[in-house]
file target_23.cif (mmCIF, C-alpha atoms)
data_data
loop_
_atom_site.group_PDB
_atom_site.id
_atom_site.type_symbol
_atom_site.label_atom_id
_atom_site.label_comp_id
_atom_site.auth_asym_id
_atom_site.auth_seq_id
_atom_site.Cartn_x
_atom_site.Cartn_y
_atom_site.Cartn_z
ATOM 1 C CA MET D 1 109.170 99.910 99.010
ATOM 2 C CA THR D 2 110.017 100.976 95.460
ATOM 3 C CA PRO D 3 110.562 97.932 93.219
ATOM 4 C CA VAL D 4 114.155 97.118 92.360
ATOM 5 C CA GLN D 5 115.943 93.900 91.549
ATOM 6 C CA ILE D 6 119.659 93.322 91.984
ATOM 7 C CA THR D 7 121.358 90.190 90.702
ATOM 8 C CA ILE D 8 125.014 89.348 91.123
ATOM 9 C CA GLU D 9 126.929 86.868 89.002
ATOM 10 C CA ASP D 10 130.502 85.956 88.173
ATOM 11 C CA ILE D 11 131.991 86.998 84.867
ATOM 12 C CA ALA D 12 134.119 84.312 83.299
ATOM 13 C CA GLY D 13 137.427 85.057 81.629
ATOM 14 C CA ALA D 14 139.115 87.052 84.350
ATOM 15 C CA ALA D 15 142.862 86.629 84.688
ATOM 16 C CA SER D 16 144.213 84.333 87.384
ATOM 17 C CA GLY D 17 143.705 85.811 90.836
ATOM 18 C CA LYS D 18 141.056 88.212 89.621
ATOM 19 C CA ILE D 19 137.371 87.987 90.387
ATOM 20 C CA VAL D 20 134.960 90.052 88.338
ATOM 21 C CA LYS D 21 131.365 90.330 89.477
ATOM 22 C CA LEU D 22 128.514 91.604 87.349
ATOM 23 C CA ILE D 23 125.911 93.490 89.373
ATOM 24 C CA ARG D 24 122.731 94.029 87.408
ATOM 25 C CA VAL D 25 120.262 96.598 88.748
ATOM 26 C CA VAL D 26 116.722 96.800 87.389
ATOM 27 C CA GLY D 27 114.213 99.345 88.694
ATOM 28 C CA GLN D 28 114.723 102.373 90.916
ATOM 29 C CA LEU D 29 117.171 102.868 93.764
ATOM 30 C CA ASP D 30 115.819 105.328 96.285
ATOM 31 C CA GLU D 31 115.516 106.062 99.976
ATOM 32 C CA SER D 32 112.929 103.333 100.469
ATOM 33 C CA ASN D 33 115.068 100.438 99.270
ATOM 34 C CA VAL D 34 118.742 101.289 98.872
ATOM 35 C CA ASP D 35 119.925 100.461 102.395
ATOM 36 C CA GLU D 36 118.460 96.982 102.162
ATOM 37 C CA GLN D 37 119.693 96.355 98.618
ATOM 38 C CA ALA D 38 123.218 97.543 99.387
ATOM 39 C CA LYS D 39 123.774 94.729 101.878
ATOM 40 C CA ALA D 40 124.169 92.086 99.172
ATOM 41 C CA ILE D 41 126.867 94.106 97.423
ATOM 42 C CA TYR D 42 128.740 94.723 100.670
ATOM 43 C CA GLN D 43 128.712 90.967 101.229
ATOM 44 C CA VAL D 44 130.424 90.479 97.861
ATOM 45 C CA VAL D 45 133.006 93.177 98.613
ATOM 46 C CA GLU D 46 133.755 91.796 102.069
ATOM 47 C CA ALA D 47 133.914 88.175 100.854
ATOM 48 C CA ASN D 48 136.554 89.062 98.249
ATOM 49 C CA PRO D 49 139.165 91.202 99.988
ATOM 50 C CA SER D 50 141.586 91.130 97.067
ATOM 51 C CA GLY D 51 141.469 90.809 93.295
ATOM 52 C CA LEU D 52 137.844 91.946 93.062
ATOM 53 C CA SER D 53 136.472 94.108 90.271
ATOM 54 C CA LEU D 54 132.859 95.129 89.803
ATOM 55 C CA ILE D 55 130.825 95.912 86.706
ATOM 56 C CA PHE D 56 127.467 97.553 87.320
ATOM 57 C CA ASP D 57 124.981 96.851 84.564
ATOM 58 C CA PHE D 58 122.676 99.868 84.736
ATOM 59 C CA MET D 59 120.702 99.191 81.547
ATOM 60 C CA GLY D 60 117.558 98.580 83.588
ATOM 61 C CA LEU D 61 118.193 101.241 86.211
ATOM 62 C CA GLU D 62 115.560 103.958 85.976
ATOM 63 C CA TYR D 63 116.476 106.197 88.910
ATOM 64 C CA MET D 64 119.121 106.527 91.594
ATOM 65 C CA ASN D 65 119.245 109.043 94.424
ATOM 66 C CA SER D 66 122.219 110.657 96.124
ATOM 67 C CA LYS D 67 122.419 107.973 98.806
ATOM 68 C CA SER D 68 122.706 105.295 96.089
ATOM 69 C CA ILE D 69 125.554 107.305 94.603
ATOM 70 C CA GLY D 70 127.144 107.414 98.059
ATOM 71 C CA TYR D 71 127.073 103.624 98.212
ATOM 72 C CA LEU D 72 128.545 103.371 94.713
ATOM 73 C CA THR D 73 131.342 105.716 95.759
ATOM 74 C CA ASP D 74 132.024 103.626 98.850
ATOM 75 C CA TRP D 75 132.252 100.395 96.826
ATOM 76 C CA TYR D 76 134.573 102.161 94.387
ATOM 77 C CA SER D 77 136.789 103.287 97.285
ATOM 78 C CA LYS D 78 136.972 99.830 98.813
ATOM 79 C CA VAL D 79 137.568 97.941 95.550
ATOM 80 C CA SER D 80 140.048 100.387 94.033
ATOM 81 C CA ALA D 81 142.033 100.555 97.297
ATOM 82 C CA LEU D 82 142.830 96.874 96.767
ATOM 83 C CA GLY D 83 143.754 97.276 93.111
ATOM 84 C CA GLY D 84 140.398 96.353 91.605
ATOM 85 C CA LYS D 85 138.365 98.202 89.017
ATOM 86 C CA VAL D 86 134.792 99.430 88.986
ATOM 87 C CA ALA D 87 132.891 100.162 85.788
ATOM 88 C CA ILE D 88 129.366 101.100 84.783
ATOM 89 C CA ALA D 89 127.707 99.649 81.689
ATOM 90 C CA GLY D 90 124.703 100.775 79.671
ATOM 91 C CA ALA D 91 123.451 103.540 81.917
ATOM 92 C CA ARG D 92 120.576 105.611 80.587
ATOM 93 C CA ASP D 93 121.038 109.310 79.907
ATOM 94 C CA ASN D 94 119.308 110.425 83.108
ATOM 95 C CA ILE D 95 121.526 108.148 85.197
ATOM 96 C CA LEU D 96 124.694 109.354 83.478
ATOM 97 C CA ASP D 97 123.495 112.906 83.980
ATOM 98 C CA ILE D 98 123.128 112.535 87.740
ATOM 99 C CA LEU D 99 126.425 110.650 88.048
ATOM 100 C CA GLN D 100 128.096 113.437 86.114
ATOM 101 C CA VAL D 101 126.659 116.285 88.162
ATOM 102 C CA VAL D 102 127.972 114.793 91.407
ATOM 103 C CA GLY D 103 131.352 114.097 89.798
ATOM 104 C CA LEU D 104 131.289 110.313 89.990
ATOM 105 C CA THR D 105 132.033 109.857 86.300
ATOM 106 C CA GLN D 106 135.464 111.312 87.058
ATOM 107 C CA LEU D 107 136.097 108.338 89.350
ATOM 108 C CA VAL D 108 134.173 105.481 87.769
ATOM 109 C CA ASN D 109 134.273 104.917 84.028
ATOM 110 C CA ALA D 110 130.942 104.483 82.244
ATOM 111 C CA TYR D 111 130.679 102.452 79.031
ATOM 112 C CA PRO D 112 127.790 102.284 76.569
ATOM 113 C CA THR D 113 127.676 98.486 76.504
ATOM 114 C CA LEU D 114 128.422 95.583 78.777
ATOM 115 C CA ASP D 115 130.943 94.192 76.298
ATOM 116 C CA GLU D 116 132.922 97.416 76.388
ATOM 117 C CA ALA D 117 132.854 97.477 80.180
ATOM 118 C CA LYS D 118 134.063 93.867 80.264
ATOM 119 C CA ALA D 119 136.864 94.670 77.839
ATOM 120 C CA ALA D 120 138.027 97.475 80.128
ATOM 121 C CA VAL D 121 137.875 95.467 83.327
ATOM 122 C CA LEU D 122 138.908 91.930 82.399
ATOM 123 C CA MET G 123 105.283 98.389 102.220
ATOM 124 C CA ASP G 124 101.886 96.762 102.102
ATOM 125 C CA GLN G 125 98.599 98.577 102.474
ATOM 126 C CA LYS G 126 98.210 97.481 106.079
ATOM 127 C CA SER G 127 101.391 99.192 107.200
ATOM 128 C CA MET G 128 100.689 102.437 105.389
ATOM 129 C CA PRO G 129 99.900 105.319 107.728
ATOM 130 C CA GLN G 130 96.200 105.877 108.247
ATOM 131 C CA SER G 131 96.424 109.228 109.965
ATOM 132 C CA ALA G 132 98.268 111.140 107.274
ATOM 133 C CA PRO G 133 96.841 110.321 103.859
ATOM 134 C CA LEU G 134 98.193 111.693 100.586
ATOM 135 C CA THR G 135 96.333 114.918 99.958
ATOM 136 C CA GLY G 136 96.751 117.852 97.654
ATOM 137 C CA GLU G 137 95.274 120.708 95.715
ATOM 138 C CA ILE G 138 95.685 122.373 92.348
ATOM 139 C CA LYS G 139 95.379 126.131 91.977
ATOM 140 C CA VAL G 140 95.562 128.367 88.952
ATOM 141 C CA VAL G 141 96.790 131.741 90.120
ATOM 142 C CA GLN G 142 97.057 135.233 88.551
ATOM 143 C CA LYS G 143 93.574 135.475 87.047
ATOM 144 C CA ASP G 144 94.444 138.716 85.247
ATOM 145 C CA VAL G 145 96.711 136.993 82.700
ATOM 146 C CA PRO G 146 95.641 134.750 79.773
ATOM 147 C CA LEU G 147 94.642 131.239 80.802
ATOM 148 C CA ASP G 148 97.550 129.417 79.150
ATOM 149 C CA GLU G 149 100.100 131.819 80.663
ATOM 150 C CA ARG G 150 98.891 131.584 84.246
ATOM 151 C CA PRO G 151 101.109 129.808 86.734
ATOM 152 C CA ILE G 152 99.780 126.458 87.858
ATOM 153 C CA GLU G 153 100.324 125.643 91.508
ATOM 154 C CA ILE G 154 100.002 122.081 92.751
ATOM 155 C CA LYS G 155 100.398 121.256 96.420
ATOM 156 C CA ILE G 156 100.802 117.736 97.741
ATOM 157 C CA ILE G 157 101.008 116.709 101.372
ATOM 158 C CA ILE G 158 102.821 113.446 101.988
ATOM 159 C CA PRO G 159 103.458 111.438 105.134
ATOM 160 C CA THR G 160 107.076 111.185 106.236
ATOM 161 C CA GLN G 161 107.682 107.909 104.466
ATOM 162 C CA ALA G 162 110.023 107.383 101.523
ATOM 163 C CA TYR G 163 107.478 104.920 100.150
ATOM 164 C CA PHE G 164 105.512 107.813 98.664
ATOM 165 C CA LEU G 165 108.423 109.392 96.805
ATOM 166 C CA SER G 166 108.348 107.167 93.729
ATOM 167 C CA GLY G 167 104.858 108.493 92.991
ATOM 168 C CA ILE G 168 106.034 112.066 93.491
ATOM 169 C CA ARG G 169 108.965 111.442 91.138
ATOM 170 C CA ASP G 170 106.691 110.069 88.401
ATOM 171 C CA PHE G 171 104.376 113.033 88.856
ATOM 172 C CA VAL G 172 107.226 115.556 88.612
ATOM 173 C CA VAL G 173 108.549 114.023 85.388
ATOM 174 C CA ASN G 174 105.108 114.079 83.785
ATOM 175 C CA LEU G 175 104.339 117.588 84.971
ATOM 176 C CA THR G 176 107.677 118.940 83.789
ATOM 177 C CA LYS G 177 107.364 117.181 80.458
ATOM 178 C CA ASN G 178 103.789 118.266 79.769
ATOM 179 C CA LEU G 179 103.244 121.616 81.454
ATOM 180 C CA THR G 180 106.479 123.559 81.674
ATOM 181 C CA GLY G 181 108.251 123.615 78.315
ATOM 182 C CA PHE G 182 111.400 122.076 79.771
ATOM 183 C CA SER G 183 113.137 119.219 77.919
ATOM 184 C CA MET G 184 113.040 115.580 79.061
ATOM 185 C CA GLN G 185 116.578 116.005 80.355
ATOM 186 C CA TRP G 186 115.321 118.711 82.682
ATOM 187 C CA ALA G 187 112.251 116.682 83.599
ATOM 188 C CA PHE G 188 114.570 113.987 84.965
ATOM 189 C CA ARG G 189 116.776 116.590 86.618
ATOM 190 C CA PHE G 190 113.853 118.222 88.355
ATOM 191 C CA GLN G 191 112.642 114.791 89.412
ATOM 192 C CA ALA G 192 115.945 114.311 91.240
ATOM 193 C CA VAL G 193 115.808 117.810 92.770
ATOM 194 C CA VAL G 194 112.342 117.200 94.222
ATOM 195 C CA ASP G 195 113.299 113.729 95.438
ATOM 196 C CA GLU G 196 116.392 115.013 97.244
ATOM 197 C CA LEU G 197 114.526 117.892 98.898
ATOM 198 C CA CYS G 198 111.743 115.562 100.041
ATOM 199 C CA ASN G 199 114.252 113.006 101.317
ATOM 200 C CA ASN G 200 115.942 115.695 103.406
ATOM 201 C CA ALA G 201 112.623 116.865 104.826
ATOM 202 C CA ILE G 202 111.591 113.308 105.692
ATOM 203 C CA GLU G 203 114.961 112.312 107.116
ATOM 204 C CA HIS G 204 115.715 115.466 109.084
ATOM 205 C CA GLY G 205 112.838 117.937 109.178
ATOM 206 C CA SER G 206 109.590 116.153 110.030
ATOM 207 C CA LYS G 207 109.269 113.367 112.563
ATOM 208 C CA SER G 208 107.746 109.990 111.793
ATOM 209 C CA GLY G 209 103.988 110.355 111.560
ATOM 210 C CA ALA G 210 104.206 114.019 110.573
ATOM 211 C CA VAL G 211 103.937 115.379 107.038
ATOM 212 C CA VAL G 212 105.955 117.139 104.360
ATOM 213 C CA GLY G 213 104.420 119.675 101.986
ATOM 214 C CA VAL G 214 105.493 119.744 98.347
ATOM 215 C CA THR G 215 104.339 122.614 96.131
ATOM 216 C CA LEU G 216 105.134 122.811 92.437
ATOM 217 C CA ILE G 217 104.581 126.096 90.608
ATOM 218 C CA SER G 218 104.858 125.962 86.842
ATOM 219 C CA THR G 219 104.825 129.036 84.657
ATOM 220 C CA LYS G 220 104.888 127.540 81.199
ATOM 221 C CA GLY G 221 107.838 128.591 79.138
ATOM 222 C CA LYS G 222 109.296 130.575 82.012
ATOM 223 C CA SER G 223 110.049 128.687 85.195
ATOM 224 C CA LEU G 224 109.405 125.759 87.469
ATOM 225 C CA GLU G 225 109.597 126.103 91.223
ATOM 226 C CA VAL G 226 109.385 123.519 93.972
ATOM 227 C CA ILE G 227 108.719 124.427 97.586
ATOM 228 C CA VAL G 228 109.265 121.758 100.235
ATOM 229 C CA GLU G 229 108.137 122.412 103.798
ATOM 230 C CA ASP G 230 108.840 120.352 106.887
ATOM 231 C CA THR G 231 107.337 120.704 110.346
ATOM 232 C CA GLY G 232 110.575 121.199 112.271
ATOM 233 C CA THR G 233 109.776 118.146 114.390
ATOM 234 C CA GLY G 234 112.512 115.941 112.915
ATOM 235 C CA ASN G 235 115.834 114.855 114.347
ATOM 236 C CA VAL G 236 117.774 117.893 113.109
ATOM 237 C CA LYS G 237 117.002 121.209 114.781
ATOM 238 C CA ILE G 238 118.351 123.886 112.485
ATOM 239 C CA ASN G 239 117.114 127.277 111.349
ATOM 240 C CA ALA G 240 117.158 128.688 107.842
ATOM 241 C CA GLU G 241 120.183 130.891 108.488
ATOM 242 C CA ASP G 242 122.328 127.990 109.694
ATOM 243 C CA LEU G 243 121.076 125.745 106.893
ATOM 244 C CA THR G 244 122.030 128.410 104.354
ATOM 245 C CA LYS G 245 125.503 128.590 105.892
ATOM 246 C CA LEU G 246 125.834 124.782 105.886
ATOM 247 C CA TYR G 247 124.736 124.624 102.265
ATOM 248 C CA LYS G 248 127.326 127.193 101.216
ATOM 249 C CA GLU G 249 130.055 125.287 103.047
ATOM 250 C CA LYS G 250 129.074 122.035 101.361
ATOM 251 C CA ARG G 251 128.971 123.701 97.944
ATOM 252 C CA GLY G 252 132.607 124.557 98.449
ATOM 253 C CA ASN G 253 133.656 121.221 99.907
ATOM 254 C CA VAL G 254 131.915 118.638 97.734
ATOM 255 C CA GLY G 255 134.085 118.511 94.629
ATOM 256 C CA ALA G 256 134.386 116.030 91.794
ATOM 257 C CA GLN G 257 136.757 113.786 93.724
ATOM 258 C CA TYR G 258 134.577 113.734 96.834
ATOM 259 C CA LEU G 259 134.549 110.229 98.334
ATOM 260 C CA GLY G 260 132.160 110.810 101.227
ATOM 261 C CA PHE G 261 129.123 108.624 101.627
ATOM 262 C CA ARG G 262 126.530 111.377 102.092
ATOM 263 C CA GLY G 263 126.226 115.059 101.294
ATOM 264 C CA ARG G 264 125.765 115.269 97.519
ATOM 265 C CA GLY G 265 122.018 115.817 97.331
ATOM 266 C CA LEU G 266 121.662 119.436 98.340
ATOM 267 C CA PRO G 267 124.954 120.957 97.160
ATOM 268 C CA LYS G 268 125.344 119.043 93.908
ATOM 269 C CA ILE G 269 121.993 117.796 92.641
ATOM 270 C CA VAL G 270 119.772 120.595 93.955
ATOM 271 C CA GLY G 271 122.431 123.296 93.847
ATOM 272 C CA GLU G 272 123.691 122.583 90.337
ATOM 273 C CA TRP G 273 120.279 122.078 88.763
ATOM 274 C CA THR G 274 118.424 125.111 90.102
ATOM 275 C CA ASP G 275 118.917 128.847 89.652
ATOM 276 C CA GLU G 276 117.562 129.974 93.020
ATOM 277 C CA LEU G 277 117.695 128.127 96.307
ATOM 278 C CA ILE G 278 116.241 129.843 99.357
ATOM 279 C CA PHE G 279 115.839 128.530 102.888
ATOM 280 C CA GLU G 280 113.159 130.175 105.046
ATOM 281 C CA ASN G 281 111.949 129.713 108.603
ATOM 282 C CA ILE G 282 108.284 128.789 108.869
ATOM 283 C CA THR G 283 106.381 130.589 111.595
ATOM 284 C CA GLY G 284 105.641 128.023 114.261
ATOM 285 C CA GLY G 285 108.543 125.790 113.282
ATOM 286 C CA GLY G 286 110.033 124.074 110.294
ATOM 287 C CA ILE G 287 111.993 125.000 107.196
ATOM 288 C CA ARG G 288 110.700 126.001 103.797
ATOM 289 C CA VAL G 289 113.059 125.348 100.870
ATOM 290 C CA ARG G 290 112.319 127.125 97.607
ATOM 291 C CA ALA G 291 114.175 125.858 94.530
ATOM 292 C CA LYS G 292 113.507 127.558 91.232
ATOM 293 C CA LYS G 293 114.695 126.899 87.705
ATOM 294 C CA TYR G 294 114.210 129.362 84.887
ATOM 295 C CA LEU G 295 113.706 128.061 81.375
ATOM 296 C CA ARG G 296 116.425 129.106 78.995
ATOM 297 C CA LYS G 297 116.302 128.563 75.262
ATOM 298 C CA GLU G 298 118.774 125.678 75.312
ATOM 299 C CA GLU G 299 116.818 123.916 78.047
ATOM 300 C CA ALA G 300 113.503 123.851 76.189
ATOM 301 C CA ILE G 301 111.789 120.765 74.818
ATOM 302 C CA VAL G 302 113.928 120.539 71.675
ATOM 303 C CA SER G 303 117.084 120.178 73.745
ATOM 304 C CA SER G 304 118.161 116.766 74.948
ATOM 305 C CA LEU G 305 121.312 114.846 75.719
ATOM 306 C CA SER G 306 123.309 114.272 72.582
ATOM 307 C CA VAL G 307 123.626 110.775 71.185
ATOM 308 C CA SER G 308 127.371 110.842 71.626
ATOM 309 C CA ASN G 309 127.315 111.607 75.325
ATOM 310 C CA PRO G 310 130.867 112.662 76.219
ATOM 311 C CA ILE G 311 130.897 110.852 79.558
ATOM 312 C CA HIS G 312 130.314 107.479 77.948
ATOM 313 C CA LEU G 313 133.654 105.901 77.214
ATOM 314 C CA THR G 314 134.389 103.567 74.376
ATOM 315 C CA VAL G 315 137.244 101.121 74.334
#

call {"tool": "encode", "arguments": {"input": "target_23.cif", "output": "structure tokens"}}
result
Amino acid sequence: MTPVQITIEDIAGAASGKIVKLIRVVGQLDESNVDEQAKAIYQVVEANPSGLSLIFDFMGLEYMNSKSIGYLTDWYSKVSALGGKVAIAGARDNILDILQVVGLTQLVNAYPTLDEAKAAVL
Amino acid sequence: MDQKSMPQSAPLTGEIKVVQKDVPLDERPIEIKIIIPTQAYFLSGIRDFVVNLTKNLTGFSMQWAFRFQAVVDELCNNAIEHGSKSGAVVGVTLISTKGKSLEVIVEDTGTGNVKINAEDLTKLYKEKRGNVGAQYLGFRGRGLPKIVGEWTDELIFENITGGGIRVRAKKYLRKEEAIVSSLSVSNPIHLTV
């Protein structure tokens, strides 16, 4: 399995009734690992049916395949349907490039830094 | 996956050929063929190899090295998921003509869970190219029409005699895609607040 590490933590400072989770991805998301890794994020989405927003810290993400983008789109659909926001922070050029070619950057905003993503979501 | 669970019957094999002996050595196409078992485990190594090959042997920029990495990964994923059964193999051939083009050919054995011929796959691809737009919210279906389709100049599906599909994806090197070109510092899709 290709090495990847996903950590999930709360971001303090969200308005009352809002929950903002920071999902940090380090390594490569590909066919060998993405189904397994996605489970933890689905647990977060399902455990917080309302008021949830997600910030994906992609500073350490080296590669993502089309299935990973499919998962990201699904989380965006679920979170935004309940009024939440999804943002991407610090993605490398090759990650932004692949997100752009599939059109995801028209749905999910990407910010150069985590602070800027927080400012947009909180 | 640990070493013990790696397939023993279908090891990673390959060959390197320099073709067209009648042209100067540094202008001859280099053909590299790799045979991989139908396990996604092996794809990270293929991706690293494609980036290094594209960066060092083709004349394409780093941006295109990463793009071609994704193209090869998506084609191999499709072959492993749909075209060759577990325990079978997938063939990956890279043909680099420095300063001119880079081509990848991915071949499956036709033993996988999807039985489709090249004509129907071509039709399906064209349909998906029209359907998968920027606002597409589906879970699957971006790899071939968007990543492979957008980042290659030629995409041809062929039937292999005896079974299987051969996909040929070729990218020609244009001036703006050469080594000097790269993503700009002020990438327009990065937002600032």

call {"tool": "interface_residues", "arguments": {"input": "target_23.cif", "of": "chain D", "to": "chain G", "cutoff": "6 Å", "atoms": "all atoms listed in the file", "output": "list in words"}}
result
Met1, Glu31, Ser32, Ser66, Gly70, Val102, Gly103, Ala110, Tyr111 and Pro112 of chain D

call {"tool": "closest_residue", "arguments": {"input": "target_23.cif", "among": "G:Gly213, G:Ile202, G:Ser218, G:Phe182", "to": "G:Ile156", "atoms": "only C-alpha atoms"}}
result
G:Gly213

call {"tool": "residues_around", "arguments": {"input": "target_23.cif", "residues": "D:Glu9", "least_positions_apart": "2", "cutoff": "9 Å", "atoms": "all atoms listed in the file", "output": "short mmCIF file (atom, residue, chain, number, x, y, z; two decimals) with C-alpha atoms, keeping the file's coordinate frame"}}
result
data_model
loop_
_atom_site.label_atom_id
_atom_site.label_comp_id
_atom_site.auth_asym_id
_atom_site.auth_seq_id
_atom_site.Cartn_x
_atom_site.Cartn_y
_atom_site.Cartn_z
CA THR D 7 121.36 90.19 90.70
CA ILE D 11 131.99 87.00 84.87
CA VAL D 20 134.96 90.05 88.34
CA LYS D 21 131.36 90.33 89.48
CA LEU D 22 128.51 91.60 87.35
CA ILE D 23 125.91 93.49 89.37
CA ARG D 24 122.73 94.03 87.41
#

call {"tool": "resolve_selection", "arguments": {"input": "target_23.cif", "expression": "the PyMOL selection byres ((chain D and resi 58) around 9)", "output": "number ranges by chain"}}
result
D: 23-26, 56-57, 59-62, 88-92, 95

call {"tool": "resolve_selection", "arguments": {"input": "target_23.cif", "expression": "the PyMOL selection byres ((chain G and resi 283) around 12)", "output": "number ranges by chain"}}
result
G: 229-232, 239-240, 280-282, 284-288

call {"tool": "atom_distance", "arguments": {"input": "target_23.cif", "atom1": "atom CA of D:Asp115", "atom2": "atom CA of D:Lys67"}}
result
27.7 Å

call {"tool": "residues_around", "arguments": {"input": "target_23.cif", "residues": "stretch 50-55 of chain D", "least_positions_apart": "4", "cutoff": "8 Å", "atoms": "only C-alpha atoms", "output": "list in words"}}
result
Gly17, Lys18, Ile19, Val20, Lys21, Leu22, Ile23, Val45, Val79, Leu82, Gly83, Gly84, Lys85, Val86, Ala87, Ile88, Ala89, Ala117, Lys118 and Val121 of chain D

call {"tool": "resolve_selection", "arguments": {"input": "target_23.cif", "expression": "the PyMOL selection byres ((chain D and resi 37-42) around 9)", "output": "VMD selection string"}}
result
chain D and resid 4 to 6 8 23 29 33 to 36 43 to 47 68 71 75

call {"tool": "atom_distance", "arguments": {"input": "target_23.cif", "atom1": "atom CA of D:Ser77", "atom2": "atom CA of D:Pro49"}}
result
12.6 Å

call {"tool": "atom_distance", "arguments": {"input": "target_23.cif", "atom1": "atom CA of G:Val228", "atom2": "atom CA of G:Ile157"}}
result
9.7 Å

call {"tool": "axis_aligned_box", "arguments": {"input": "target_23.cif", "around": "stretch 232-237 of chain G", "padding_each_side": "3 Å", "output": "AutoDock Vina command-line options"}}
result
--center_x 113.8 --center_y 118.0 --center_z 113.5 --size_x 14.0 --size_y 12.4 --size_z 8.5

call {"tool": "closest_residue", "arguments": {"input": "target_23.cif", "among": "G:Lys245, G:Lys292, G:Phe190, G:Ser183", "to": "G:Phe171", "atoms": "all atoms listed in the file"}}
result
G:Phe190

call {"tool": "build_atoms", "arguments": {"input": "target_23.cif", "residues": "stretch 163-174 of chain G", "atoms": "N, CA and C atoms", "output": "PDB file, in the frame of the given file"}}
result
ATOM      1  N   TYR G 163     108.343 105.729 101.019  1.00  0.00           N
ATOM      2  CA  TYR G 163     107.478 104.920 100.150  1.00  0.00           C
ATOM      3  C   TYR G 163     106.737 105.781  99.126  1.00  0.00           C
ATOM      4  N   PHE G 164     106.337 106.981  99.525  1.00  0.00           N
ATOM      5  CA  PHE G 164     105.512 107.813  98.664  1.00  0.00           C
ATOM      6  C   PHE G 164     106.313 108.560  97.592  1.00  0.00           C
ATOM      7  N   LEU G 165     107.629 108.535  97.691  1.00  0.00           N
ATOM      8  CA  LEU G 165     108.423 109.392  96.805  1.00  0.00           C
ATOM      9  C   LEU G 165     108.480 108.911  95.358  1.00  0.00           C
ATOM     10  N   SER G 166     108.314 107.607  95.129  1.00  0.00           N
ATOM     11  CA  SER G 166     108.348 107.167  93.729  1.00  0.00           C
ATOM     12  C   SER G 166     107.167 107.761  92.973  1.00  0.00           C
ATOM     13  N   GLY G 167     106.018 107.864  93.630  1.00  0.00           N
ATOM     14  CA  GLY G 167     104.858 108.493  92.991  1.00  0.00           C
ATOM     15  C   GLY G 167     105.085 109.966  92.735  1.00  0.00           C
ATOM     16  N   ILE G 168     105.712 110.636  93.680  1.00  0.00           N
ATOM     17  CA  ILE G 168     106.034 112.066  93.491  1.00  0.00           C
ATOM     18  C   ILE G 168     107.001 112.224  92.316  1.00  0.00           C
ATOM     19  N   ARG G 169     107.985 111.335  92.237  1.00  0.00           N
ATOM     20  CA  ARG G 169     108.965 111.442  91.138  1.00  0.00           C
ATOM     21  C   ARG G 169     108.280 111.281  89.775  1.00  0.00           C
ATOM     22  N   ASP G 170     107.414 110.269  89.671  1.00  0.00           N
ATOM     23  CA  ASP G 170     106.691 110.069  88.401  1.00  0.00           C
ATOM     24  C   ASP G 170     105.866 111.304  88.058  1.00  0.00           C
ATOM     25  N   PHE G 171     105.219 111.858  89.074  1.00  0.00           N
ATOM     26  CA  PHE G 171     104.376 113.033  88.856  1.00  0.00           C
ATOM     27  C   PHE G 171     105.207 114.220  88.368  1.00  0.00           C
ATOM     28  N   VAL G 172     106.374 114.413  88.978  1.00  0.00           N
ATOM     29  CA  VAL G 172     107.226 115.556  88.612  1.00  0.00           C
ATOM     30  C   VAL G 172     107.716 115.415  87.168  1.00  0.00           C
ATOM     31  N   VAL G 173     108.098 114.215  86.769  1.00  0.00           N
ATOM     32  CA  VAL G 173     108.549 114.023  85.388  1.00  0.00           C
ATOM     33  C   VAL G 173     107.417 114.352  84.416  1.00  0.00           C
ATOM     34  N   ASN G 174     106.226 113.843  84.697  1.00  0.00           N
ATOM     35  CA  ASN G 174     105.108 114.079  83.785  1.00  0.00           C
ATOM     36  C   ASN G 174     104.701 115.549  83.755  1.00  0.00           C
TER      37      ASN G 174
END
